[in-house]
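Below is upload_28.cif, which holds mmCIF, C-alpha atoms.
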```cif
data_protein
loop_
_atom_site.label_atom_id
_atom_site.label_comp_id
_atom_site.auth_asym_id
_atom_site.auth_seq_id
_atom_site.Cartn_x
_atom_site.Cartn_y
_atom_site.Cartn_z
CA MET R 13 -3.98 -106.34 -20.10
CA ASP R 14 -2.74 -103.08 -18.70
CA ALA R 15 -0.67 -101.90 -15.77
CA LYS R 16 -3.63 -102.06 -13.35
CA ASP R 17 -4.22 -105.77 -14.11
CA ILE R 18 -0.53 -106.55 -13.55
CA LEU R 19 -0.48 -104.69 -10.25
CA GLY R 20 -3.86 -106.05 -9.21
CA LEU R 21 -5.44 -102.64 -8.78
CA PRO R 22 -9.14 -102.01 -9.25
CA LYS R 23 -10.13 -100.52 -12.55
CA THR R 24 -12.35 -97.88 -11.01
CA PRO R 25 -10.51 -94.58 -11.02
CA LEU R 26 -9.49 -93.21 -7.67
CA THR R 27 -11.24 -90.06 -6.67
CA VAL R 28 -8.65 -87.40 -5.94
CA PRO R 29 -10.04 -84.76 -3.65
CA GLN R 30 -9.81 -81.45 -5.41
CA GLU R 31 -9.28 -78.30 -3.46
CA LYS R 32 -12.05 -75.88 -3.93
CA LYS R 33 -10.84 -72.61 -5.28
CA SER R 34 -11.90 -69.75 -3.12
CA ARG R 35 -13.77 -67.23 -5.17
CA PRO R 36 -13.05 -63.64 -4.46
CA GLN R 37 -15.91 -62.09 -2.61
CA LYS R 38 -17.66 -59.43 -4.55
CA ASP R 39 -18.00 -56.09 -2.94
CA SER R 40 -21.62 -55.84 -2.03
CA GLN R 41 -22.82 -52.45 -3.12
CA ARG R 42 -26.07 -51.30 -1.67
CA LYS R 43 -28.58 -49.88 -4.09
CA PRO R 44 -29.14 -46.18 -3.45
CA ASP R 45 -32.55 -45.10 -2.33
CA GLY R 46 -34.87 -43.58 -4.88
CA ILE R 47 -33.55 -45.67 -7.85
CA SER R 48 -35.33 -48.71 -9.15
CA ARG R 49 -33.56 -52.06 -9.35
CA GLU R 50 -33.71 -52.16 -13.15
CA VAL R 51 -32.17 -48.73 -13.58
CA TYR R 52 -29.41 -49.53 -11.07
CA ALA R 53 -28.64 -52.79 -12.92
CA LEU R 54 -28.23 -50.84 -16.17
CA THR R 55 -25.58 -48.61 -14.60
CA GLY R 56 -23.48 -51.63 -13.57
CA GLY R 57 -22.70 -50.13 -10.18
CA LEU R 58 -20.87 -47.18 -11.72
CA ALA R 59 -21.38 -43.58 -10.79
CA PRO R 60 -24.18 -41.91 -12.78
CA LEU R 61 -23.26 -39.43 -15.45
CA MET R 62 -25.83 -36.91 -14.28
CA PRO R 63 -25.47 -35.32 -10.84
CA ALA R 64 -27.39 -37.11 -8.12
CA VAL R 65 -30.62 -35.59 -6.86
CA ASP R 66 -31.53 -35.58 -3.24
CA VAL R 67 -33.98 -38.33 -2.36
CA SER R 68 -36.15 -35.90 -0.46
CA GLN R 69 -36.62 -33.92 -3.67
CA LEU R 70 -37.68 -37.04 -5.57
CA LYS R 71 -40.29 -38.00 -3.00
CA ARG R 72 -41.47 -34.47 -2.34
CA ARG R 73 -45.15 -34.11 -2.86
CA PRO R 74 -46.98 -30.86 -3.58
CA GLN R 75 -48.96 -29.24 -0.87
CA SER R 76 -52.54 -30.28 -0.49
CA ASP R 77 -53.89 -26.87 -1.47
CA GLU R 78 -51.77 -26.69 -4.67
CA LYS R 79 -52.96 -28.17 -7.93
CA VAL R 80 -50.08 -28.45 -10.36
CA THR R 81 -50.61 -29.05 -14.07
CA TRP R 82 -48.45 -28.77 -17.18
CA GLN R 83 -49.92 -26.88 -20.12
CA TRP R 84 -48.78 -26.20 -23.68
CA LEU R 85 -48.83 -22.38 -23.80
CA PRO R 86 -47.52 -19.76 -26.24
CA PHE R 87 -44.73 -17.31 -25.38
CA THR R 88 -42.73 -14.46 -26.92
CA SER R 89 -39.15 -13.44 -26.25
CA SER R 90 -37.87 -9.90 -25.87
CA ALA R 91 -34.64 -11.00 -27.52
CA ARG R 92 -36.43 -11.23 -30.86
CA THR R 93 -37.49 -8.20 -32.84
CA ASP R 94 -40.03 -9.99 -35.09
CA ASN R 95 -42.45 -10.86 -32.22
CA LEU R 96 -42.39 -14.53 -33.17
CA GLN R 97 -44.82 -16.58 -31.08
CA LEU R 98 -43.66 -20.05 -30.02
CA TYR R 99 -45.02 -22.73 -27.67
CA HIS R 100 -43.57 -24.69 -24.75
CA TRP R 101 -44.69 -26.67 -21.72
CA VAL R 102 -45.29 -24.54 -18.64
CA ARG R 103 -45.88 -25.56 -15.02
CA VAL R 104 -49.20 -24.07 -13.95
CA VAL R 105 -50.14 -23.87 -10.26
CA ASN R 106 -53.84 -23.63 -9.41
CA GLY R 107 -54.69 -22.70 -12.99
CA VAL R 108 -52.56 -19.51 -12.95
CA PRO R 109 -49.87 -19.55 -15.69
CA PRO R 110 -46.54 -17.78 -15.00
CA THR R 111 -46.16 -14.24 -16.28
CA GLY R 112 -43.15 -12.24 -17.37
CA ASP R 113 -40.52 -12.40 -20.06
CA TYR R 114 -39.04 -15.59 -21.45
CA SER R 115 -36.52 -16.95 -18.91
CA PHE R 116 -33.73 -17.38 -21.49
CA ALA R 117 -34.06 -13.89 -22.96
CA LYS R 118 -31.56 -12.55 -20.41
CA TYR R 119 -28.77 -14.54 -22.06
CA ASN R 120 -29.14 -12.69 -25.35
CA LYS R 121 -26.21 -10.27 -25.34
CA SER R 122 -25.47 -7.89 -28.19
CA VAL R 123 -22.61 -5.52 -28.95
CA ASN R 124 -23.31 -1.80 -28.94
CA VAL R 125 -21.82 -0.69 -32.25
CA VAL R 126 -20.99 3.02 -32.52
CA LYS R 127 -23.13 5.14 -34.84
CA TYR R 128 -21.68 8.18 -36.55
CA THR R 129 -23.16 11.10 -38.50
CA ASP R 130 -22.13 12.59 -41.83
CA GLU R 131 -20.54 15.57 -40.11
CA GLU R 132 -18.50 13.34 -37.77
CA TYR R 133 -17.35 11.24 -40.69
CA GLU R 134 -16.14 14.21 -42.68
CA LYS R 135 -14.41 15.72 -39.67
CA TYR R 136 -12.82 12.72 -37.90
CA LEU R 137 -13.17 9.49 -39.95
CA THR R 138 -11.80 10.29 -43.39
CA ASP R 139 -9.27 7.70 -44.63
CA PRO R 140 -7.81 7.59 -48.17
CA THR R 141 -7.76 3.76 -48.19
CA TRP R 142 -11.45 3.47 -47.21
CA THR R 143 -14.53 4.92 -48.84
CA ARG R 144 -17.70 5.98 -47.09
CA GLU R 145 -19.68 3.08 -48.61
CA GLU R 146 -17.17 0.47 -47.40
CA THR R 147 -17.18 1.93 -43.89
CA ASP R 148 -20.98 1.88 -43.77
CA GLN R 149 -21.05 -1.75 -44.98
CA LEU R 150 -18.45 -2.71 -42.39
CA PHE R 151 -20.43 -1.24 -39.49
CA GLU R 152 -23.68 -2.80 -40.71
CA LEU R 153 -22.04 -6.26 -40.82
CA CYS R 154 -20.45 -5.69 -37.41
CA GLU R 155 -23.84 -4.92 -35.91
CA ARG R 156 -25.45 -7.87 -37.67
CA PHE R 157 -22.86 -10.52 -36.76
CA ASP R 158 -21.73 -9.15 -33.34
CA LEU R 159 -18.10 -8.46 -34.30
CA ARG R 160 -17.45 -11.96 -35.66
CA PHE R 161 -14.80 -10.71 -38.05
CA ILE R 162 -14.24 -14.10 -39.71
CA VAL R 163 -17.88 -14.11 -40.84
CA ILE R 164 -17.71 -10.39 -41.65
CA ALA R 165 -14.66 -10.91 -43.87
CA ASP R 166 -16.48 -13.71 -45.68
CA ARG R 167 -19.55 -11.50 -46.31
CA PHE R 168 -17.66 -8.29 -47.10
CA PRO R 169 -18.00 -7.40 -50.80
CA SER R 170 -14.41 -6.24 -51.41
CA SER R 171 -11.27 -8.27 -50.76
CA ARG R 172 -10.20 -7.10 -47.34
CA THR R 173 -8.29 -9.11 -44.77
CA VAL R 174 -9.54 -9.70 -41.26
CA GLU R 175 -6.79 -7.47 -39.87
CA ASP R 176 -7.80 -4.60 -42.19
CA LEU R 177 -11.42 -4.87 -41.10
CA LYS R 178 -10.48 -4.93 -37.43
CA ASN R 179 -8.14 -1.98 -37.80
CA ARG R 180 -10.75 0.17 -39.56
CA TYR R 181 -13.51 -0.66 -37.04
CA TYR R 182 -11.41 0.01 -33.94
CA ASN R 183 -9.88 3.20 -35.37
CA VAL R 184 -13.32 4.63 -36.16
CA SER R 185 -14.71 3.63 -32.74
CA ARG R 186 -11.75 5.20 -30.93
CA ALA R 187 -11.93 8.41 -32.95
CA ILE R 188 -15.68 8.80 -32.26
CA LEU R 189 -15.18 8.05 -28.55
CA VAL R 190 -12.45 10.67 -28.16
CA ALA R 191 -14.34 13.27 -30.23
CA ARG R 192 -17.53 12.96 -28.19
CA ALA R 193 -15.73 13.12 -24.81
CA ALA R 194 -15.56 16.44 -22.97
CA SER R 195 -11.82 16.00 -22.35
CA PRO R 196 -9.27 13.33 -23.35
CA GLY R 197 -8.77 12.39 -19.71
CA ASP R 198 -12.39 11.22 -19.40
CA VAL R 199 -11.81 8.32 -21.82
CA SER R 200 -8.16 7.63 -21.05
CA GLY R 201 -9.09 4.46 -19.14
CA HIS R 202 -11.33 3.04 -21.88
CA PRO R 203 -9.96 -0.19 -23.43
CA LEU R 204 -10.18 1.19 -26.98
CA VAL R 205 -8.04 4.20 -25.99
CA LYS R 206 -5.78 2.49 -23.45
CA GLU R 207 -4.89 -0.50 -25.63
CA PRO R 208 -5.32 0.39 -29.32
CA TYR R 209 -5.40 -2.34 -31.94
CA ASN R 210 -1.93 -3.10 -33.40
CA VAL R 211 -2.10 -4.50 -36.94
CA SER R 212 1.56 -5.45 -37.25
CA GLN R 213 1.57 -7.28 -33.93
CA GLU R 214 -1.55 -9.25 -34.89
CA ILE R 215 -0.04 -10.24 -38.25
CA GLU R 216 3.20 -11.32 -36.56
CA ARG R 217 1.27 -13.33 -33.94
CA LYS R 218 -0.68 -15.23 -36.58
CA ARG R 219 2.47 -15.86 -38.60
CA ALA R 220 4.29 -17.29 -35.57
CA LEU R 221 1.26 -19.39 -34.66
CA SER R 222 0.98 -20.85 -38.16
CA MET R 223 4.71 -21.57 -38.19
CA ILE R 224 4.46 -23.46 -34.88
CA LEU R 225 1.44 -25.46 -36.06
CA SER R 226 3.20 -26.42 -39.31
CA GLN R 227 6.31 -27.79 -37.60
CA THR R 228 7.42 -31.38 -38.10
CA LYS R 229 8.34 -33.83 -35.33
CA GLN R 230 12.04 -33.33 -36.01
CA GLN R 231 11.72 -29.56 -35.67
CA GLU R 232 9.78 -29.97 -32.42
CA ARG R 233 12.55 -32.20 -30.98
CA LYS R 234 15.18 -29.68 -32.05
CA ASP R 235 13.25 -26.85 -30.38
CA ALA R 236 12.94 -28.93 -27.20
CA GLU R 237 16.71 -29.50 -27.17
CA VAL R 238 17.36 -25.78 -27.62
CA LEU R 239 15.00 -24.93 -24.75
CA ALA R 240 16.64 -27.53 -22.48
CA GLU R 241 20.11 -26.12 -23.30
CA ALA R 242 18.89 -22.58 -22.60
CA LYS R 243 17.47 -23.72 -19.25
CA ARG R 244 20.78 -25.38 -18.34
CA ILE R 245 22.73 -22.24 -19.21
CA THR R 246 20.34 -20.10 -17.13
CA GLU R 247 20.70 -22.40 -14.12
CA ALA R 248 24.49 -22.36 -14.47
CA ARG R 249 24.51 -18.56 -14.55
CA ILE R 250 22.28 -18.39 -11.46
CA ALA R 251 24.58 -20.80 -9.60
CA ALA R 252 27.67 -18.77 -10.59
CA ARG R 253 26.01 -15.52 -9.51
CA SER R 254 25.01 -17.01 -6.15
CA ALA R 255 28.56 -18.29 -5.63
CA GLU R 256 29.94 -14.82 -6.34
CA GLU R 257 27.49 -13.26 -3.88
CA SER R 258 28.45 -15.75 -1.17
CA ASP R 259 32.18 -15.02 -1.72
CA MET R 260 31.71 -11.25 -1.37
CA PRO R 261 32.66 -9.64 2.00
CA VAL R 262 29.61 -9.06 4.15
CA ALA R 263 30.54 -6.34 6.67
CA SER R 264 33.85 -4.54 7.41
CA ASN R 265 35.78 -6.91 5.11
CA VAL R 266 35.01 -9.92 7.29
CA SER R 267 34.04 -13.15 5.56
CA PRO R 268 31.04 -15.16 6.77
CA GLU R 269 33.35 -18.03 7.77
CA SER R 270 35.45 -15.89 10.10
CA ASN R 271 32.32 -14.22 11.44
CA GLU R 272 30.84 -17.63 12.33
CA LYS R 273 34.11 -18.60 14.09
CA ASN R 274 33.97 -15.49 16.24
CA ILE R 275 30.39 -16.17 17.29
CA ILE R 276 30.05 -17.89 20.67
CA PRO R 277 26.60 -19.28 21.37
CA VAL R 278 25.32 -17.45 24.44
CA GLU R 279 23.17 -20.45 25.43
CA THR R 280 26.25 -22.51 26.33
CA VAL R 281 27.75 -19.82 28.58
CA SER R 282 26.69 -19.67 32.20
CA PRO R 283 27.41 -16.75 34.55
CA SER R 284 29.73 -18.93 36.70
CA SER R 285 31.78 -20.27 33.78
CA ASN R 286 35.27 -19.06 32.99
CA VAL R 287 34.68 -18.46 29.27
CA GLN R 288 35.74 -14.96 28.31
CA ILE R 289 33.36 -13.28 25.88
CA PRO R 290 34.53 -10.09 24.17
CA PRO R 291 32.45 -7.12 25.26
CA THR R 292 31.54 -6.14 21.70
CA THR R 293 30.60 -9.63 20.54
CA VAL R 294 26.91 -10.51 20.65
CA ALA R 295 25.77 -13.71 18.96
CA PRO R 296 23.63 -12.60 16.05
CA PRO R 297 20.32 -14.35 15.56
CA THR R 298 21.23 -15.46 12.06
CA SER R 299 24.29 -15.75 9.90
CA THR R 300 24.61 -14.13 6.51
CA ALA R 301 25.79 -17.34 4.89
CA ASP R 302 22.60 -19.17 5.90
CA ASN R 303 20.47 -16.36 4.50
CA LEU R 304 22.36 -16.39 1.23
CA SER R 305 22.08 -20.17 0.88
CA THR R 306 18.35 -20.03 1.62
CA LEU R 307 17.78 -17.26 -0.92
CA ASN R 308 19.79 -19.13 -3.54
CA SER R 309 17.82 -22.32 -2.97
CA LEU R 310 14.55 -20.41 -3.32
CA ARG R 311 15.75 -18.77 -6.52
CA GLY R 312 16.57 -22.19 -7.93
CA MET R 313 13.03 -23.40 -7.26
CA ARG R 314 11.55 -20.60 -9.40
CA VAL R 315 7.99 -21.36 -8.12
CA TYR R 316 7.26 -21.83 -4.42
CA LEU R 317 4.71 -20.90 -1.79
CA ARG R 318 5.40 -17.81 0.30
CA THR R 319 4.63 -19.78 3.48
CA TYR R 320 7.35 -22.28 2.53
CA ALA R 321 9.80 -19.43 1.93
CA LEU R 322 8.91 -17.95 5.33
CA GLU R 323 9.56 -21.29 7.07
CA GLN R 324 12.95 -21.60 5.35
CA MET R 325 13.93 -18.05 6.32
CA VAL R 326 12.84 -18.62 9.93
CA GLN R 327 14.93 -21.79 10.11
CA ALA R 328 17.92 -19.94 8.66
CA ALA R 329 17.44 -17.07 11.13
CA SER R 330 17.23 -19.51 14.08
CA SER R 331 20.09 -21.78 12.96
CA SER R 332 22.58 -20.30 15.45
CA ALA R 333 20.09 -20.47 18.33
CA GLY R 334 19.27 -23.49 20.43
CA LEU R 335 15.98 -25.23 20.99
CA ARG R 336 15.31 -23.41 24.26
CA THR R 337 15.88 -20.03 22.62
CA ILE R 338 13.52 -20.91 19.76
CA LYS R 339 10.85 -21.91 22.28
CA ARG R 340 11.37 -18.63 24.14
CA VAL R 341 10.94 -16.75 20.86
CA GLU R 342 7.67 -18.56 20.17
CA GLN R 343 6.50 -17.90 23.72
CA THR R 344 7.30 -14.20 23.29
CA LEU R 345 5.31 -14.10 20.06
CA GLN R 346 2.34 -15.69 21.83
CA ASP R 347 2.62 -13.19 24.68
CA LEU R 348 2.56 -10.37 22.14
CA GLY R 349 -0.54 -11.85 20.51
CA VAL R 350 1.26 -12.63 17.23
CA ASN R 351 0.51 -15.84 15.34
CA LEU R 352 3.44 -18.21 14.81
CA LYS R 353 2.44 -18.36 11.14
CA PRO R 354 0.80 -15.32 9.51
CA LYS R 355 -2.80 -15.87 8.48
CA VAL R 356 -2.39 -13.68 5.38
CA PRO R 357 1.21 -14.35 4.24
CA THR R 358 1.72 -11.42 1.91
CA LYS R 359 5.22 -10.26 1.07
CA SER R 360 5.18 -7.32 3.47
CA VAL R 361 3.60 -9.37 6.30
CA CYS R 362 6.22 -12.12 5.95
CA ALA R 363 9.03 -9.56 5.94
CA GLU R 364 7.71 -7.88 9.09
CA HIS R 365 7.19 -11.27 10.80
CA LEU R 366 10.76 -12.32 10.02
CA GLU R 367 12.12 -8.96 11.24
CA LEU R 368 10.17 -9.33 14.51
CA ARG R 369 11.67 -12.78 15.09
CA LYS R 370 15.16 -11.41 14.50
CA GLU R 371 14.60 -8.56 16.95
CA ILE R 372 13.30 -10.99 19.63
CA LEU R 373 16.39 -13.19 19.12
CA THR R 374 18.64 -10.16 19.49
CA LEU R 375 16.79 -9.13 22.66
CA LEU R 376 17.20 -12.58 24.22
CA ASN R 377 20.90 -12.63 23.38
CA LEU R 378 21.38 -9.20 24.93
CA GLN R 379 19.56 -10.33 28.08
CA LYS R 380 21.89 -13.31 28.42
CA GLN R 381 24.91 -11.09 27.81
CA LEU R 382 23.68 -8.72 30.51
CA GLN R 383 23.29 -11.59 32.99
CA TYR R 384 26.84 -12.69 32.27
CA LYS R 385 28.21 -9.18 32.79
CA GLU R 386 26.33 -8.78 36.07
CA ALA R 387 27.70 -12.09 37.36
CA GLU R 388 31.23 -11.10 36.32
CA GLY R 389 30.91 -7.73 38.05
CA SER R 390 29.63 -9.30 41.28
CA SER R 391 32.57 -11.72 41.32
CA HIS R 392 35.02 -8.82 40.92
CA ARG R 393 33.33 -6.92 43.76
CA ASP R 394 33.54 -9.94 46.08
CA GLY R 395 37.27 -10.33 45.46
CA SER R 396 38.13 -6.68 46.10
CA TYR R 397 37.32 -6.65 49.88
CA ALA R 398 40.18 -6.41 52.40
CA GLU R 399 40.66 -9.71 54.28
CA THR R 400 41.75 -10.18 57.92
CA PRO R 401 44.66 -12.59 58.68
CA GLY R 402 42.50 -15.01 60.64
CA THR R 403 39.58 -15.30 58.19
CA PRO R 404 39.70 -17.37 55.01
CA LYS R 405 39.48 -15.59 51.71
CA ARG R 406 36.10 -15.07 50.18
CA SER R 407 37.23 -16.52 46.89
CA GLN R 408 38.16 -19.75 48.67
CA ARG R 409 34.83 -19.83 50.48
CA ALA R 410 33.06 -19.19 47.22
CA GLY R 411 35.02 -22.08 45.73
CA GLU R 412 33.97 -24.27 48.63
CA GLN R 413 30.36 -23.34 48.03
CA ASP R 414 30.64 -24.21 44.35
CA ARG R 415 32.34 -27.52 45.20
CA THR R 416 30.18 -30.60 44.76
CA PHE R 417 28.78 -31.91 48.04
CA ILE R 418 30.14 -35.34 49.01
CA PRO R 419 28.38 -37.25 51.80
CA ASP R 420 30.40 -38.34 54.80
CA SER R 421 29.44 -41.97 54.36
CA ILE R 422 31.27 -42.21 51.00
CA SER R 423 35.03 -41.99 50.79
CA PHE R 424 36.96 -40.59 47.82
CA GLY R 425 37.79 -44.11 46.70
CA GLY R 426 34.16 -45.00 46.44
CA GLU R 427 34.03 -47.37 49.46
CA ARG R 428 31.32 -46.98 52.08
CA VAL R 429 32.57 -46.15 55.52
CA GLY R 430 30.43 -47.38 58.41
CA LYS R 431 29.95 -45.88 61.85
CA ARG R 432 32.20 -48.48 63.49
CA ASP R 433 35.11 -47.62 61.18
CA GLN R 434 34.64 -43.97 61.97
CA LYS R 435 34.77 -44.78 65.71
CA ARG R 436 37.95 -46.83 65.21
CA LYS R 437 39.63 -44.05 63.30
CA ALA R 438 38.64 -41.40 65.86
CA PRO R 439 38.21 -43.18 69.24
CA ALA R 440 36.87 -41.09 72.06
CA PRO R 441 38.91 -40.94 75.31
CA PRO R 442 37.57 -43.44 77.86
CA SER R 443 35.74 -42.07 80.82
CA PRO R 444 36.91 -42.88 84.40
CA ALA R 445 33.85 -45.00 85.01
CA GLN R 446 34.58 -47.14 81.96
CA SER R 447 38.20 -47.76 83.05
CA LYS R 448 37.17 -49.07 86.46
CA ARG R 449 34.48 -51.46 85.06
CA PRO R 450 35.82 -55.05 84.81
CA ARG R 451 36.00 -56.66 81.37
CA LYS R 452 33.60 -59.51 80.73
CA LEU R 453 35.12 -62.84 79.93
CA LYS R 454 34.24 -64.61 76.70
CA ALA R 455 33.84 -68.32 76.15
CA SER R 456 37.14 -68.51 74.32
CA ASP R 457 38.98 -67.02 77.26
#
```
Can the structure in the file be given as structure tokens, please?
Amino acid sequence: MDAKDILGLPKTPLTVPQEKKSRPQKDSQRKPDGISREVYALTGGLAPLMPAVDVSQLKRRPQSDEKVTWQWLPFTSSARTDNLQLYHWVRVVNGVPPTGDYSFAKYNKSVNVVKYTDEEYEKYLTDPTWTREETDQLFELCERFDLRFIVIADRFPSSRTVEDLKNRYYNVSRAILVARAASPGDVSGHPLVKEPYNVSQEIERKRALSMILSQTKQQERKDAEVLAEAKRITEARIAARSAEESDMPVASNVSPESNEKNIIPVETVSPSSNVQIPPTTVAPPTSTADNLSTLNSLRGMRVYLRTYALEQMVQAASSSAGLRTIKRVEQTLQDLGVNLKPKVPTKSVCAEHLELRKEILTLLNLQKQLQYKEAEGSSHRDGSYAETPGTPKRSQRAGEQDRTFIPDSISFGGERVGKRDQKRKAPAPPSPAQSKRPRKLKASD
């Protein structure tokens, strides 16, 4: 007896509906055209290792008048001097095999090793540390192995280092080149003459390279710490130098802070305003402090695009100008046929573009200053006329014209005044006909 018998439950197990797990749908990848199903199944849907070939090239058929066959034909290569005859498969069209040199013979490149005579050796190439036989053997091996000095040093009969072999070969080649030239200036641009081989520098380079390759992990970490400390010191020195440059007086012993305080944006001044602008003060298009901060930030970046630097300098130059002035500058550039961003942002082009923007900003500021001065002069001329006793002053009339217009239907307190109230406040005198007309009686009367 179990729990089901006690509770009177059937012994058949209850079927619990199980939720079907939704399988993730596989991305259906369409088989590319021109590939069989078996080959595509082998790739597993991955990109092929070899570059894809256009389907039209796979299905391209030869022309009807062409009969293409592949034949096993002999060939010779001009790169070989022994005239060895080899065989390969060749595509033959209409029974005519291709003619010409072997297609891969053009990749056979050889070094033109200098040849010298006995007279030239005795006159220019004598060296107490080298004999004539060793020099001849060196040049033969150089011609045979195409200046592969590691192989040459292995095949050289005497014990000479790679640096000694290189030094002797390049010294002899340079001496022969200079001796055969009509004047030294004719070969001054040749690499052997312009950059002679330096034995000590090559030995030091290899020593430093072997020392770096033989370093342990601890030495590498120590070198990394030293480089990080040197970088930190360099950045600290750059920051200190930039701070010193920003603290230096800019012009006529005036600091950038006081210069910015004296600048009044011309955009905010209208000709009818009462703001007094000094006659010698013109708002400059850019402040020196902004330029210094921009230059310092670019120096800290070390590597940056010139277009990015130009954008930062333009923003710094236009920092004291408003949005309307910047739009007017861009409109002026478009009128002049100048691109807003140079197509070829070289250093000189960016400098000229920035200078042009500064000059346009200065021109716009001078135009606004001129408008202000003209308005001020016209106001002084209007106030200098002689006035008659019965006429109001022109300054008062000008003030009345500048005064905001207030409609008659609105009082100063903000309440609307109707036509009936206006008639009550200013009643018209009754006419004689109205006084004689009898008054009508109302129902209340």
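Residues within 9 Å of segment 187-191 of chain R, counting all atoms listed in the file and excluding same-chain residues fewer than 3 positions away, are Val126, Lys127, Tyr128, Glu132, Tyr133, Tyr136, Leu137, Tyr182, Asn183, Val184, Ala194, Ser195, Pro196, Asp198, Val199, Ser200, Leu204 and Val205 of chain R.
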Q: Please indicate the distance in Å from atom CA of Tyr316 of chain R to atom CA of Lys370 of chain R, rounded to one decimal place.
A: 23.0 Å
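As for atom CA of Glu256 of chain R and atom CA of Ala329 of chain R, they are spaced 21.6 Å apart.
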Q: Excluding Thr111 of chain R and any residue of its chain fewer than 2 positions from it, enumerate the residues within 12 Å of it, using all atoms listed in the file, and give them as a PyMOL selection string.
A: chain R and resi 85-88+102-104+108-109+113-115
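Residues within 8 Å of segment 334-341 of chain R, counting only C-alpha atoms and excluding same-chain residues fewer than 5 positions away, are Glu279, Arg369, Ile372, Leu373 and Leu376 of chain R.
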Q | One-decimal distance in Å that lies between atom CA of Ser330 of chain R and atom CA of Thr306 of chain R | A | 12.5 Å
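Of the residues under consideration (R:Val123, R:Ala117, R:Ile250, R:Val174), R:Val174 shows the shortest atom-to-atom contact distance to Ile215 of chain R when counting only C-alpha atoms.
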Q. Which of these, R:Cys362, R:Ala333, R:Leu348, R:Ala165, has the shortest distance to Arg318 of chain R once you count all atoms listed in the file?
A. R:Cys362
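With only C-alpha atoms as the atoms that count, the minimum distance from Tyr209 of chain R to the choices R:Leu322, R:Ala387, R:Leu177, R:Val350 is reached by R:Leu177.
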Q: Name the residues that the PyMOL selection byres ((chain R and resi 320) around 12) picks from the file above, as a ChimeraX atom specification, using the file's chain letters and numbers.
A: /R:306,309-310,313,315-319,321-327,353-354,357,362
Can you pull out every residue within 12 Å of Glu214 of chain R, counting all atoms listed in the file, but drop anything in the same chain fewer than 6 positions away, and send it as a PDB file with C-alpha atoms, in the coordinates of the input?
```pdb
ATOM      1  CA  THR R 173      -8.290  -9.110 -44.770  1.00  0.00           C
ATOM      2  CA  VAL R 174      -9.540  -9.700 -41.260  1.00  0.00           C
ATOM      3  CA  GLU R 175      -6.790  -7.470 -39.870  1.00  0.00           C
ATOM      4  CA  ASP R 176      -7.800  -4.600 -42.190  1.00  0.00           C
ATOM      5  CA  LYS R 178     -10.480  -4.930 -37.430  1.00  0.00           C
ATOM      6  CA  ASN R 179      -8.140  -1.980 -37.800  1.00  0.00           C
ATOM      7  CA  PRO R 208      -5.320   0.390 -29.320  1.00  0.00           C
ATOM      8  CA  ALA R 220       4.290 -17.290 -35.570  1.00  0.00           C
ATOM      9  CA  LEU R 221       1.260 -19.390 -34.660  1.00  0.00           C
TER      10      LEU R 221
END
```
The PyMOL selection byres ((chain R and resi 170) around 12) on the file shown: which residues, as a tab-separated table (two decimals) with C-alpha atoms, in the coordinates of the input?
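Full text of part.tsv as output:
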```
chain	number	residue	atom	x	y	z
R	142	TRP	CA	-11.45	3.47	-47.21
R	143	THR	CA	-14.53	4.92	-48.84
R	145	GLU	CA	-19.68	3.08	-48.61
R	146	GLU	CA	-17.17	0.47	-47.40
R	147	THR	CA	-17.18	1.93	-43.89
R	149	GLN	CA	-21.05	-1.75	-44.98
R	150	LEU	CA	-18.45	-2.71	-42.39
R	164	ILE	CA	-17.71	-10.39	-41.65
R	165	ALA	CA	-14.66	-10.91	-43.87
R	166	ASP	CA	-16.48	-13.71	-45.68
R	167	ARG	CA	-19.55	-11.50	-46.31
R	168	PHE	CA	-17.66	-8.29	-47.10
R	169	PRO	CA	-18.00	-7.40	-50.80
R	171	SER	CA	-11.27	-8.27	-50.76
R	172	ARG	CA	-10.20	-7.10	-47.34
R	173	THR	CA	-8.29	-9.11	-44.77
R	174	VAL	CA	-9.54	-9.70	-41.26
R	176	ASP	CA	-7.80	-4.60	-42.19
R	177	LEU	CA	-11.42	-4.87	-41.10
```
